[in-house]
file entry_14.cif (mmCIF, C-alpha atoms and all ligand atoms)
data_final
#
loop_
_atom_site.label_atom_id
_atom_site.label_comp_id
_atom_site.auth_asym_id
_atom_site.auth_seq_id
_atom_site.Cartn_x
_atom_site.Cartn_y
_atom_site.Cartn_z
CA MET A 547 9.57 -28.02 12.77
CA THR A 548 7.01 -25.39 13.69
CA ALA A 549 4.02 -26.34 15.82
CA PRO A 550 0.79 -26.70 13.82
CA ARG A 551 -1.13 -23.45 13.85
CA ALA A 552 -4.88 -23.23 14.33
CA ILE A 553 -6.70 -22.05 11.21
CA PRO A 554 -8.15 -18.58 11.82
CA THR A 555 -11.83 -18.13 11.06
CA ILE A 556 -12.69 -15.80 8.19
CA GLU A 557 -13.98 -13.26 10.72
CA GLU A 558 -10.53 -13.34 12.33
CA LEU A 559 -9.11 -12.67 8.88
CA GLY A 560 -11.17 -9.49 8.57
CA TRP A 561 -14.40 -10.74 6.96
CA THR A 562 -17.16 -8.14 7.43
CA PRO A 563 -20.94 -7.91 6.81
CA GLU A 564 -20.17 -5.66 3.77
CA LEU A 565 -17.94 -8.36 2.29
CA LYS A 566 -20.60 -10.98 3.00
CA GLU A 567 -23.09 -8.88 1.06
CA ALA A 568 -20.68 -8.45 -1.87
CA PHE A 569 -20.01 -12.19 -1.83
CA LYS A 570 -23.68 -13.26 -2.19
CA PRO A 571 -23.61 -13.90 -5.96
CA PHE A 572 -20.46 -16.02 -5.56
CA ALA A 573 -21.96 -17.98 -2.66
CA LEU A 574 -24.88 -18.84 -4.95
CA ARG A 575 -22.37 -20.35 -7.39
CA GLY A 576 -21.01 -22.55 -4.59
CA LEU A 577 -17.79 -20.55 -4.23
CA ILE A 578 -16.18 -19.85 -0.85
CA PRO A 579 -14.36 -16.72 0.37
CA ALA A 580 -10.61 -16.72 0.96
CA ARG A 581 -7.99 -14.10 1.80
CA ILE A 582 -4.65 -13.88 0.03
CA ILE A 583 -1.73 -14.13 2.47
CA ALA A 584 1.25 -14.37 0.08
CA GLU A 585 2.06 -13.85 -3.59
CA HIS A 586 4.35 -15.93 -5.76
CA ARG A 587 5.18 -15.57 -9.43
CA MET A 588 2.36 -17.70 -10.80
CA ALA A 589 0.40 -18.57 -7.67
CA CYS A 590 -0.54 -17.31 -4.25
CA ASP A 591 -1.18 -18.65 -0.76
CA LEU A 592 -4.56 -18.06 0.77
CA VAL A 593 -6.58 -18.95 3.84
CA CYS A 594 -10.23 -20.02 3.77
CA ALA A 595 -12.49 -21.89 6.21
CA ARG A 596 -10.89 -25.19 5.08
CA GLY A 597 -7.33 -24.10 5.82
CA GLU A 598 -4.28 -22.68 4.06
CA PHE A 599 -3.76 -23.48 0.37
CA THR A 600 -1.84 -22.53 -2.73
CA ALA A 601 -4.05 -21.23 -5.52
CA GLU A 602 -4.03 -19.90 -9.08
CA VAL A 603 -6.50 -17.77 -10.98
CA SER A 604 -8.79 -19.53 -13.45
CA GLY A 605 -8.33 -19.18 -17.22
CA ASN A 606 -11.42 -16.99 -17.44
CA PHE A 607 -10.14 -14.80 -14.62
CA ARG A 608 -6.84 -14.36 -16.45
CA LYS A 609 -8.59 -13.38 -19.68
CA ALA A 610 -10.85 -10.85 -17.94
CA ALA A 611 -8.27 -9.36 -15.57
CA GLY A 612 -6.97 -6.72 -17.98
CA SER A 613 -4.15 -5.09 -16.05
CA LYS A 614 -1.78 -6.40 -13.38
CA ALA A 615 -3.81 -4.61 -10.72
CA GLY A 616 -6.74 -6.86 -11.62
CA PHE A 617 -4.90 -9.88 -10.18
CA PRO A 618 -5.08 -10.79 -6.49
CA ALA A 619 -2.62 -9.06 -4.15
CA VAL A 620 -1.86 -9.81 -0.50
CA GLY A 621 -4.87 -8.79 1.59
CA ASP A 622 -7.36 -9.33 -1.21
CA TRP A 623 -10.57 -11.31 -0.75
CA VAL A 624 -11.30 -13.78 -3.53
CA ALA A 625 -13.98 -16.29 -4.51
CA LEU A 626 -12.61 -19.82 -4.57
CA SER A 627 -13.93 -23.00 -6.17
CA PHE A 628 -12.71 -25.44 -3.55
CA ASP A 629 -11.62 -28.91 -4.57
CA PRO A 630 -10.17 -31.00 -1.74
CA ALA A 631 -8.39 -33.25 -4.26
CA ALA A 632 -6.68 -30.45 -6.20
CA ARG A 633 -2.98 -29.69 -5.77
CA ARG A 634 -3.82 -26.02 -6.30
CA GLN A 635 -7.14 -24.30 -5.62
CA THR A 636 -8.71 -22.06 -8.27
CA ILE A 637 -9.55 -18.39 -7.81
CA GLN A 638 -12.64 -17.44 -9.80
CA ALA A 639 -13.11 -13.79 -8.83
CA LEU A 640 -11.66 -10.86 -6.92
CA LEU A 641 -13.81 -8.85 -4.52
CA PRO A 642 -13.73 -5.04 -4.63
CA ARG A 643 -10.91 -3.51 -2.57
CA ARG A 644 -11.89 -1.28 0.37
CA THR A 645 -8.45 0.35 0.55
CA ARG A 646 -5.06 -0.36 -0.98
CA LEU A 647 -1.43 0.62 -0.93
CA SER A 648 -0.31 0.98 -4.54
CA ARG A 649 2.59 2.41 -6.44
CA LYS A 650 3.40 2.81 -10.07
CA ASP A 651 4.92 -0.45 -11.30
CA PRO A 652 8.65 0.34 -11.48
CA GLY A 653 8.81 -1.56 -14.80
CA GLY A 654 5.97 0.24 -16.57
CA GLU A 655 3.08 2.66 -16.28
CA ASP A 656 0.73 0.16 -14.65
CA GLU A 657 -0.53 0.12 -11.07
CA GLN A 658 1.13 -2.31 -8.68
CA VAL A 659 -0.97 -3.18 -5.66
CA ILE A 660 1.35 -3.75 -2.71
CA ALA A 661 -1.44 -4.69 -0.28
CA ALA A 662 -5.22 -4.56 -0.33
CA ASN A 663 -7.95 -4.03 2.26
CA ILE A 664 -5.60 -2.58 4.82
CA ASP A 665 -6.57 -0.46 7.80
CA THR A 666 -3.17 1.05 8.48
CA VAL A 667 0.14 1.57 6.70
CA PHE A 668 3.10 1.49 9.04
CA ILE A 669 5.69 3.56 7.20
CA VAL A 670 8.94 2.29 8.71
CA ILE A 671 11.82 4.74 8.52
CA GLY A 672 15.31 4.14 9.92
CA LEU A 673 16.73 6.94 12.03
CA ASP A 674 20.14 6.36 10.48
CA ALA A 675 22.10 7.67 7.49
CA THR A 676 19.19 6.79 5.17
CA TYR A 677 16.71 9.18 6.81
CA ASN A 678 15.04 11.48 4.29
CA LEU A 679 11.95 13.62 4.95
CA ALA A 680 11.00 13.81 1.26
CA ARG A 681 10.77 10.03 1.22
CA VAL A 682 8.49 10.03 4.28
CA GLU A 683 6.28 12.46 2.41
CA ARG A 684 6.05 10.20 -0.65
CA TYR A 685 5.01 7.24 1.47
CA LEU A 686 2.44 9.38 3.27
CA ALA A 687 1.01 10.54 -0.06
CA ALA A 688 0.76 6.94 -1.29
CA ALA A 689 -0.95 5.75 1.90
CA CYS A 690 -3.30 8.70 1.81
CA ALA A 691 -4.21 8.14 -1.86
CA GLY A 692 -5.07 4.50 -1.13
CA GLY A 693 -7.52 5.37 1.63
CA ALA A 694 -5.71 3.77 4.60
CA GLU A 695 -4.61 5.39 7.85
CA ALA A 696 -0.86 6.06 7.95
CA VAL A 697 1.49 5.91 10.93
CA VAL A 698 5.15 6.81 10.58
CA ILE A 699 7.41 4.56 12.62
CA LEU A 700 10.75 6.21 13.32
CA ASN A 701 12.72 3.03 14.01
CA LYS A 702 16.27 2.73 15.36
CA ALA A 703 15.63 5.48 17.92
CA ASP A 704 18.70 4.09 19.73
CA LEU A 705 20.83 5.61 16.94
CA ALA A 706 19.37 9.13 17.03
CA ALA A 707 18.76 11.73 19.68
CA ASP A 708 16.40 13.85 17.60
CA ALA A 709 13.43 11.53 17.08
CA ALA A 710 11.08 14.08 18.68
CA LEU A 711 12.25 16.80 16.29
CA LYS A 712 11.78 14.50 13.30
CA ALA A 713 8.26 13.65 14.53
CA LYS A 714 7.49 17.39 14.56
CA GLU A 715 8.75 17.79 10.97
CA ILE A 716 6.49 14.95 9.90
CA ASP A 717 3.56 16.53 11.71
CA ALA A 718 4.17 19.72 9.76
CA LEU A 719 3.74 17.82 6.48
CA GLY A 720 0.03 18.06 7.19
CA PHE A 721 -1.11 14.50 6.46
CA GLY A 722 -2.47 14.12 9.98
CA ALA A 723 -0.34 11.00 10.45
CA LYS A 724 1.09 10.14 13.83
CA ALA A 725 4.86 9.60 14.11
CA LEU A 726 6.09 7.13 16.74
CA ALA A 727 9.66 6.45 17.77
CA LEU A 728 10.75 2.82 18.29
CA ASP A 729 13.96 1.26 19.44
CA SER A 730 13.63 -2.29 18.19
CA LEU A 731 16.88 -3.50 19.69
CA ASN A 732 15.80 -2.61 23.22
CA MET A 733 12.04 -2.98 22.61
CA LYS A 734 11.31 0.63 23.52
CA GLY A 735 8.18 2.48 22.33
CA TYR A 736 6.20 -0.63 21.43
CA GLU A 737 3.30 0.18 23.77
CA ALA A 738 2.36 3.09 21.46
CA LEU A 739 1.69 0.61 18.63
CA ALA A 740 -1.16 -0.95 20.59
CA ALA A 741 -3.58 1.82 19.56
CA HIS A 742 -3.33 0.63 15.94
CA ILE A 743 -3.12 -3.11 16.48
CA GLY A 744 -6.45 -4.78 17.14
CA PRO A 745 -8.42 -7.91 16.26
CA ALA A 746 -8.71 -8.45 12.48
CA ARG A 747 -7.08 -5.10 11.74
CA THR A 748 -4.80 -5.33 8.73
CA ILE A 749 -1.49 -3.47 8.85
CA VAL A 750 1.04 -3.31 6.03
CA PHE A 751 4.67 -2.49 6.82
CA ALA A 752 6.28 -0.40 4.08
CA GLY A 753 9.64 1.31 3.79
CA SER A 754 13.15 1.05 2.43
CA SER A 755 15.29 -2.03 2.80
CA GLY A 756 17.05 -2.14 6.16
CA ALA A 757 14.57 0.12 7.97
CA GLY A 758 13.61 -2.74 10.28
CA LYS A 759 10.19 -3.89 9.03
CA SER A 760 10.83 -7.60 9.55
CA THR A 761 12.56 -6.94 12.89
CA ILE A 762 9.44 -5.17 14.20
CA ILE A 763 7.16 -7.94 12.91
CA ASN A 764 9.33 -10.59 14.60
CA ASN A 765 9.30 -8.57 17.83
CA LEU A 766 5.51 -8.34 17.74
CA LEU A 767 5.06 -12.02 16.85
CA GLY A 768 7.56 -13.04 19.51
CA ARG A 769 9.32 -15.40 17.10
CA SER A 770 11.72 -15.18 14.17
CA ALA A 771 9.08 -15.61 11.49
CA GLN A 772 10.99 -13.44 9.00
CA LEU A 773 14.69 -13.28 8.17
CA THR A 774 16.35 -9.98 8.96
CA GLY A 775 19.63 -8.73 7.50
CA LYS A 776 22.42 -6.41 8.56
CA VAL A 777 22.64 -3.08 6.76
CA ARG A 778 25.79 -1.87 4.92
CA GLU A 779 28.12 -0.15 7.32
CA ALA A 780 29.12 2.64 4.94
CA ASP A 781 25.67 4.07 4.24
CA SER A 782 23.17 2.10 6.39
CA LYS A 783 21.48 0.74 3.25
CA GLY A 784 19.67 -2.58 3.53
CA ARG A 785 20.38 -5.68 1.46
CA HIS A 786 16.83 -6.54 0.38
CA THR A 787 16.48 -9.41 2.81
CA THR A 788 12.71 -9.82 2.50
CA THR A 789 11.83 -10.82 -1.06
CA GLY A 790 8.06 -11.38 -0.98
CA ARG A 791 4.92 -9.99 0.62
CA ARG A 792 3.34 -12.11 3.37
CA MET A 793 0.65 -11.76 6.00
CA PHE A 794 0.95 -13.00 9.60
CA VAL A 795 -1.70 -13.35 12.29
CA LEU A 796 -0.52 -11.72 15.50
CA PRO A 797 -1.29 -14.03 18.43
CA GLY A 798 -3.12 -12.33 21.25
CA SER A 799 -4.44 -9.23 19.54
CA GLY A 800 -5.38 -11.05 16.33
CA ALA A 801 -4.08 -8.25 14.08
CA LEU A 802 -2.96 -9.14 10.56
CA LEU A 803 0.55 -7.93 9.77
CA ILE A 804 1.89 -7.78 6.21
CA ASP A 805 5.65 -7.73 5.70
CA THR A 806 6.90 -6.36 2.38
CA PRO A 807 10.29 -6.19 0.65
CA GLY A 808 12.12 -2.86 0.97
CA MET A 809 11.14 -0.52 -1.83
CA ARG A 810 13.77 1.03 -4.07
CA GLY A 811 11.33 3.52 -5.47
CA LEU A 812 7.85 4.62 -4.68
CA GLU A 813 6.17 6.60 -7.36
CA LEU A 814 2.69 7.51 -6.40
CA TRP A 815 -0.19 5.71 -8.00
CA ALA A 816 -3.39 7.67 -7.78
CA GLY A 817 -6.21 8.37 -10.15
CA GLU A 818 -7.47 11.96 -10.07
CA GLN A 819 -10.79 10.68 -8.77
CA THR A 820 -9.16 8.84 -5.85
CA VAL A 821 -7.34 12.03 -4.92
CA ASP A 822 -10.56 14.01 -4.91
CA GLU A 823 -12.24 11.36 -2.76
CA THR A 824 -9.35 11.42 -0.31
CA PHE A 825 -9.46 15.21 -0.05
CA GLU A 826 -13.24 15.45 0.29
CA ASP A 827 -12.98 18.54 2.50
CA ILE A 828 -11.27 20.49 -0.28
CA GLN A 829 -13.75 19.22 -2.85
CA ALA A 830 -16.61 20.44 -0.65
CA LEU A 831 -15.02 23.89 -0.38
CA ALA A 832 -14.37 24.05 -4.14
CA GLY A 833 -18.06 23.38 -4.67
CA GLN A 834 -18.77 26.68 -2.94
CA CYS A 835 -16.51 28.80 -5.19
CA ARG A 836 -18.41 31.21 -7.45
CA PHE A 837 -16.97 29.77 -10.67
CA ASP A 838 -17.28 26.09 -11.57
CA ASN A 839 -13.79 26.06 -13.06
CA CYS A 840 -12.20 28.07 -10.22
CA SER A 841 -8.45 27.43 -10.02
CA HIS A 842 -8.41 28.96 -6.50
CA SER A 843 -5.62 31.34 -7.51
CA ASN A 844 -7.13 34.76 -8.24
CA GLU A 845 -10.84 34.34 -8.98
CA PRO A 846 -13.30 36.41 -6.92
CA SER A 847 -15.43 34.67 -4.25
CA CYS A 848 -13.14 31.66 -3.97
CA ALA A 849 -14.15 29.52 -0.98
CA VAL A 850 -10.82 27.69 -0.95
CA ARG A 851 -8.76 30.89 -0.66
CA GLU A 852 -11.13 32.26 1.96
CA ALA A 853 -10.78 29.08 4.02
CA LEU A 854 -6.99 29.29 3.73
CA ALA A 855 -7.04 32.93 4.83
CA SER A 856 -9.28 32.26 7.83
CA GLY A 857 -7.25 29.21 8.85
CA LYS A 858 -10.24 26.90 8.37
CA LEU A 859 -8.20 25.02 5.76
CA ASP A 860 -4.69 23.98 6.76
CA ARG A 861 -2.04 25.25 4.31
CA ALA A 862 0.11 22.13 4.46
CA HIS A 863 -2.96 19.94 3.87
CA TYR A 864 -3.92 22.04 0.85
CA GLY A 865 -0.32 21.92 -0.40
CA ASN A 866 -0.40 18.11 -0.24
CA TYR A 867 -3.62 18.08 -2.23
CA LEU A 868 -2.03 20.20 -4.97
CA LYS A 869 1.11 18.05 -5.04
CA ILE A 870 -0.73 14.73 -5.19
CA ARG A 871 -3.14 16.06 -7.84
CA LYS A 872 -0.23 17.22 -9.96
CA GLU A 873 1.40 13.78 -9.74
CA ALA A 874 -1.89 12.10 -10.62
CA ALA A 875 -2.29 14.35 -13.66
CA GLY A 876 1.31 13.65 -14.76
CA LEU A 877 0.77 9.92 -14.41
CA LYS A 878 -2.45 10.09 -16.41
CA ALA A 879 -0.68 11.94 -19.22
CA ARG A 880 2.16 9.38 -19.31
CA MET A 881 -0.31 6.49 -19.34
CA GLU A 882 -2.12 8.04 -22.29
CA ILE A 883 1.15 8.40 -24.20
CA ALA A 884 2.13 4.82 -23.38
CA GLU A 885 -1.31 3.61 -24.53
CA ARG A 886 -1.03 5.53 -27.83
CA LEU A 887 2.44 4.16 -28.49
CA LYS A 888 1.20 0.66 -27.80
CA ASN A 889 -1.64 1.02 -30.29
CA LYS A 890 0.67 2.50 -32.92
CA THR A 891 3.21 -0.30 -32.77
CA ALA A 892 0.70 -3.10 -32.18
CA ASN A 893 0.19 -3.80 -35.90
CA LYS A 894 3.77 -3.35 -37.03
CA ARG A 895 5.94 -5.47 -34.77
CA PRO A 896 5.84 -7.02 -31.34
CA PRO A 897 5.45 -4.19 -28.80
CA GLU A 898 8.70 -3.06 -27.26
CA LYS A 899 9.11 -2.71 -23.55
CA PRO A 900 8.66 1.01 -22.82
CA LYS A 901 11.96 2.73 -22.07
CA ASP A 902 12.60 3.18 -18.38
CA THR A 903 12.20 6.90 -17.81
CA PHE A 904 13.86 8.69 -14.94
CA ARG A 905 11.10 9.35 -12.45
CA ARG A 906 10.06 12.87 -11.73
CA GLY A 907 10.67 13.73 -8.13
CA GLY A 908 13.67 11.44 -7.92
CA ARG A 909 14.28 8.03 -6.54
CA LEU A 910 13.82 7.02 -2.95
N1 LIG B 1 20.26 -0.11 15.87
C1 LIG B 1 19.11 -0.65 15.49
N2 LIG B 1 19.09 -1.59 14.53
C2 LIG B 1 17.91 -2.10 14.16
C3 LIG B 1 16.68 -1.70 14.75
N3 LIG B 1 15.69 -2.38 14.15
C4 LIG B 1 16.25 -3.18 13.23
N4 LIG B 1 17.58 -3.03 13.25
C5 LIG B 1 18.56 -3.74 12.39
O1 LIG B 1 18.45 -3.29 11.06
C6 LIG B 1 18.78 -4.35 10.15
C7 LIG B 1 17.71 -4.49 9.09
O2 LIG B 1 16.53 -4.96 9.69
P1 LIG B 1 15.41 -5.76 8.88
O3 LIG B 1 14.30 -6.00 9.84
O4 LIG B 1 15.98 -6.91 8.14
O5 LIG B 1 14.98 -4.63 7.81
P2 LIG B 1 13.81 -4.69 6.72
O6 LIG B 1 13.16 -3.37 6.73
O7 LIG B 1 12.95 -5.87 6.94
O8 LIG B 1 14.66 -4.83 5.37
P3 LIG B 1 14.27 -5.58 3.98
O9 LIG B 1 13.68 -6.90 4.29
O10 LIG B 1 15.57 -5.68 3.26
O11 LIG B 1 13.32 -4.66 3.30
C8 LIG B 1 18.98 -5.59 11.01
O12 LIG B 1 20.36 -5.79 11.20
C9 LIG B 1 18.31 -5.22 12.33
O13 LIG B 1 18.87 -5.88 13.44
C10 LIG B 1 16.73 -0.71 15.78
O14 LIG B 1 15.74 -0.26 16.36
N5 LIG B 1 17.98 -0.22 16.11
MG MG B 2 12.48 -7.45 5.79
ZN ZN B 3 -11.84 28.63 -5.75
#

call {"tool": "encode", "arguments": {"input": "entry_14.cif", "output": "structure tokens", "more": "lines below"}}
Ligand SMILES: Nc1nc2c(ncn2[C@@H]2O[C@H](COP(=O)(O)OP(=O)(O)OP(=O)(O)O)[C@@H](O)[C@H]2O)c(=O)[nH]1
Ligand SMILES: [Mg+2]
Ligand SMILES: [Zn+2]
result
Amino acid sequence: MTAPRAIPTIEELGWTPELKEAFKPFALRGLIPARIIAEHRMACDLVCARGEFTAEVSGNFRKAAGSKAGFPAVGDWVALSFDPAARRQTIQALLPRRTRLSRKDPGGEDEQVIAANIDTVFIVIGLDATYNLARVERYLAAACAGGAEAVVILNKADLAADAALKAKEIDALGFGAKALALDSLNMKGYEALAAHIGPARTIVFAGSSGAGKSTIINNLLGRSAQLTGKVREADSKGRHTTTGRRMFVLPGSGALLIDTPGMRGLELWAGEQTVDETFEDIQALAGQCRFDNCSHSNEPSCAVREALASGKLDRAHYGNYLKIRKEAAGLKARMEIAERLKNKTANKRPPEKPKDTFRRGGRL
């Protein structure tokens, strides 16, 4: 039904000299690079120089993967042993991720990678009854912890008169993320997206069901690539129309757009080290405090407090650092408990699924 599409080159898919360098040992083994464009339960779709294929990880890969996060996610680069006769291609290795958007797996304490090697997270928020600033903040924290640039898209601007005010509130959160208003019914505000959409730039669309992620992607693609669904009249909630993650090549600009299913919850996934890397400026200041273990609360000669007092360090930015660090520490503690429980029960009986705990900070 659809016209045959030209296969993008791997450069058009975001292949870089750094990736080429990292790929050298795999190239020596006769493997070829490929990028994951969609995930299924036991397989994924990928694109390589030979075209688009379905693939599975090898037995050895599966044994060595360890956690769920060790398996390929949309946006990942993998090493493929290509066999033109095979029904499914075989993934032998996963390349290191430059950035990621992750959350805590809603069904456990593990990391779930929503998308990998992304340049920008478009956090799509509906300016309707579902609007919630605390939720915007959680998405911003997740994008920030994964190392990607974040842009908040205030969609459905046709339904709200206060988009500019909301953009100001988001500004005051201190993540340095831009907030753009879009009216996707009347195609207003789209020119502002151009600054973030460029050749081989990877953009993941994240947000609650019904916010308009697939609508925006269809508008950009100029075709109905993704199904969209009406929201519930009573509370503007979406009906989880998109069920899988998938990447699309935007004709013209050549950007790579990833649509994702609406998230019910987003609990931050961030290791303490990632947080420190993300907030390098604060780490650098802390290095100048007189005491190595300075808590920046009441110790003398504290560079962090001095920078806050002089305005050199933004209060909201510092507040975000503290919040994200606290979440990371809480997550670490829960993972340690889960690990201990697993070891305890491992010899007695088959491990039970950990009880679903109510998440701190509430649901989205
Ligand atoms: N009024 C208004 N409605 C919009 C706008 N953008 C999208 N919608 C509508 O919102 C509904 C949900 O849009 P989708 O694009 O399916 O939302 P989604 O974020 O992809 O939702 P999931 O796939 O369930 O996660 C559809 O009925 C759209 O027509 C907008 O700017 N204004
Ligand atoms: Mg959708
Ligand atoms: Zn200090």

call {"tool": "closest_residue", "arguments": {"input": "entry_14.cif", "among": "A:Ala580, A:Leu859, A:Leu812, A:Cys594", "to": "Gln829 of chain A", "atoms": "all atoms listed in the file"}}
result
A:Leu859

call {"tool": "residues_around", "arguments": {"input": "entry_14.cif", "residues": "Leu673 of chain A", "least_positions_apart": "4", "cutoff": "6 Å", "atoms": "only C-alpha atoms", "output": "ChimeraX atom specification"}}
result
/A:677,701-702

call {"tool": "residues_near_ligand", "arguments": {"input": "entry_14.cif", "ligand": "ligand MG 2 (chain B)", "cutoff": "8 Å", "atoms": "only C-alpha atoms and all ligand atoms", "output": "list in words"}}
result
Ser755, Gly756, Gly758, Lys759, Ser760, Thr761, Gln772, Leu773, Thr774, Gly775, His786, Thr787, Thr788, Thr789, Asp805, Thr806, Pro807 and Gly808 of chain A

call {"tool": "atom_distance", "arguments": {"input": "entry_14.cif", "atom1": "atom O14 of ligand LIG 1 (chain B)", "atom2": "atom CA of Glu715 of chain A"}}
result
20.1 Å

call {"tool": "residues_near_point", "arguments": {"input": "entry_14.cif", "point": "(-8.4, -25.5, -5.3)", "cutoff": "12 Å", "atoms": "only C-alpha atoms", "output": "MDAnalysis selection string"}}
result
chainID A and resid 577:578 580 589:594 596:604 625:638

call {"tool": "closest_residue", "arguments": {"input": "entry_14.cif", "among": "A:Gly790, A:Pro846, A:Gly605, A:Gly654", "to": "ligand ZN 3 (chain B)", "atoms": "all atoms listed in the file"}}
result
A:Pro846

call {"tool": "closest_atom_pairs", "arguments": {"input": "entry_14.cif", "of": "chain A", "to": "ligand ZN 3 (chain B)", "cutoff": "9 Å", "atoms": "all atoms listed in the file", "output": "JSON lines"}}
result
{"residue": "A:Leu831", "atom": "CA", "partner": "B:ZN3", "partner_atom": "ZN", "distance": 7.8}
{"residue": "A:Ala832", "atom": "CA", "partner": "B:ZN3", "partner_atom": "ZN", "distance": 5.5}
{"residue": "A:Gly833", "atom": "CA", "partner": "B:ZN3", "partner_atom": "ZN", "distance": 8.2}
{"residue": "A:Gln834", "atom": "CA", "partner": "B:ZN3", "partner_atom": "ZN", "distance": 7.7}
{"residue": "A:Cys835", "atom": "CA", "partner": "B:ZN3", "partner_atom": "ZN", "distance": 4.7}
{"residue": "A:Arg836", "atom": "CA", "partner": "B:ZN3", "partner_atom": "ZN", "distance": 7.3}
{"residue": "A:Phe837", "atom": "CA", "partner": "B:ZN3", "partner_atom": "ZN", "distance": 7.2}
{"residue": "A:Asp838", "atom": "CA", "partner": "B:ZN3", "partner_atom": "ZN", "distance": 8.4}
{"residue": "A:Asn839", "atom": "CA", "partner": "B:ZN3", "partner_atom": "ZN", "distance": 8.0}
{"residue": "A:Cys840", "atom": "CA", "partner": "B:ZN3", "partner_atom": "ZN", "distance": 4.5}
{"residue": "A:Ser841", "atom": "CA", "partner": "B:ZN3", "partner_atom": "ZN", "distance": 5.6}
{"residue": "A:His842", "atom": "CA", "partner": "B:ZN3", "partner_atom": "ZN", "distance": 3.5}
{"residue": "A:Ser843", "atom": "CA", "partner": "B:ZN3", "partner_atom": "ZN", "distance": 7.0}
{"residue": "A:Asn844", "atom": "CA", "partner": "B:ZN3", "partner_atom": "ZN", "distance": 8.1}
{"residue": "A:Glu845", "atom": "CA", "partner": "B:ZN3", "partner_atom": "ZN", "distance": 6.6}
{"residue": "A:Pro846", "atom": "CA", "partner": "B:ZN3", "partner_atom": "ZN", "distance": 8.0}
{"residue": "A:Ser847", "atom": "CA", "partner": "B:ZN3", "partner_atom": "ZN", "distance": 7.2}
{"residue": "A:Cys848", "atom": "CA", "partner": "B:ZN3", "partner_atom": "ZN", "distance": 3.7}
{"residue": "A:Ala849", "atom": "CA", "partner": "B:ZN3", "partner_atom": "ZN", "distance": 5.4}
{"residue": "A:Val850", "atom": "CA", "partner": "B:ZN3", "partner_atom": "ZN", "distance": 5.0}
{"residue": "A:Arg851", "atom": "CA", "partner": "B:ZN3", "partner_atom": "ZN", "distance": 6.4}
{"residue": "A:Glu852", "atom": "CA", "partner": "B:ZN3", "partner_atom": "ZN", "distance": 8.6}

call {"tool": "residues_around", "arguments": {"input": "entry_14.cif", "residues": "Arg644 of chain A", "least_positions_apart": "6", "cutoff": "10 Å", "atoms": "only C-alpha atoms", "output": "list in words"}}
result
Glu564, Leu565, Asp622, Ala662, Asn663, Ile664, Asp665, Gly692, Gly693 and Ala694 of chain A

call {"tool": "atom_distance", "arguments": {"input": "entry_14.cif", "atom1": "atom CA of Trp561 of chain A", "atom2": "atom CA of Thr748 of chain A"}}
result
11.2 Å

call {"tool": "closest_residue", "arguments": {"input": "entry_14.cif", "among": "A:Phe751, A:Tyr685, A:Tyr864, A:Phe572", "to": "ligand LIG 1 (chain B)", "atoms": "all atoms listed in the file"}}
result
A:Phe751

call {"tool": "axis_aligned_box", "arguments": {"input": "entry_14.cif", "around": "ligand LIG 1 (chain B)", "padding_each_side": "6 Å", "output": "AutoDock Vina command-line options"}}
result
--center_x 16.7 --center_y -3.5 --center_z 9.8 --size_x 19.4 --size_y 18.8 --size_z 25.1

call {"tool": "closest_residue", "arguments": {"input": "entry_14.cif", "among": "A:Ala709, A:Val659, A:Ile749, A:Ile669", "to": "Gly616 of chain A", "atoms": "only C-alpha atoms"}}
result
A:Val659

call {"tool": "closest_residue", "arguments": {"input": "entry_14.cif", "among": "A:Asp656, A:Ser782, A:His863, A:Leu719", "to": "Lys878 of chain A", "atoms": "only C-alpha atoms"}}
result
A:Asp656

call {"tool": "closest_residue", "arguments": {"input": "entry_14.cif", "among": "A:Leu700, A:Ala801, A:Ile762, A:Ile870", "to": "Thr676 of chain A", "atoms": "only C-alpha atoms"}}
result
A:Leu700

call {"tool": "atom_distance", "arguments": {"input": "entry_14.cif", "atom1": "atom CA of Val777 of chain A", "atom2": "atom P1 of ligand LIG 1 (chain B)"}}
result
8.0 Å

call {"tool": "residues_around", "arguments": {"input": "entry_14.cif", "residues": "Glu657 of chain A", "least_positions_apart": "6", "cutoff": "8 Å", "atoms": "only C-alpha atoms", "output": "number ranges by chain"}}
result
A: 614-615, 648-651, 815

call {"tool": "residues_around", "arguments": {"input": "entry_14.cif", "residues": "Trp623 of chain A", "least_positions_apart": "3", "cutoff": "7 Å", "atoms": "only C-alpha atoms", "output": "list in words"}}
result
Pro579, Ala580, Arg581, Ile582, Leu640 and Leu641 of chain A

call {"tool": "decode", "arguments": {"input": "entry_14.cif", "residues": "segment 869-880 of chain A", "atoms": "C-alpha atoms", "output": "compact mmCIF listing (two decimals), in the first residue's frame"}}
result
# COMPACT_ATOMS: atom_id res chain seq x y z
CA LYS A 869 15.85 16.53 44.58
CA ILE A 870 17.30 14.28 41.88
CA ARG A 871 20.13 13.16 44.17
CA LYS A 872 17.65 12.27 46.88
CA GLU A 873 15.62 10.18 44.42
CA ALA A 874 18.76 8.46 43.18
CA ALA A 875 19.78 7.61 46.75
CA GLY A 876 16.27 6.28 47.52
CA LEU A 877 16.32 4.13 44.41
CA LYS A 878 19.75 2.76 45.29
CA ALA A 879 18.55 1.80 48.76
CA ARG A 880 15.47 0.03 47.37
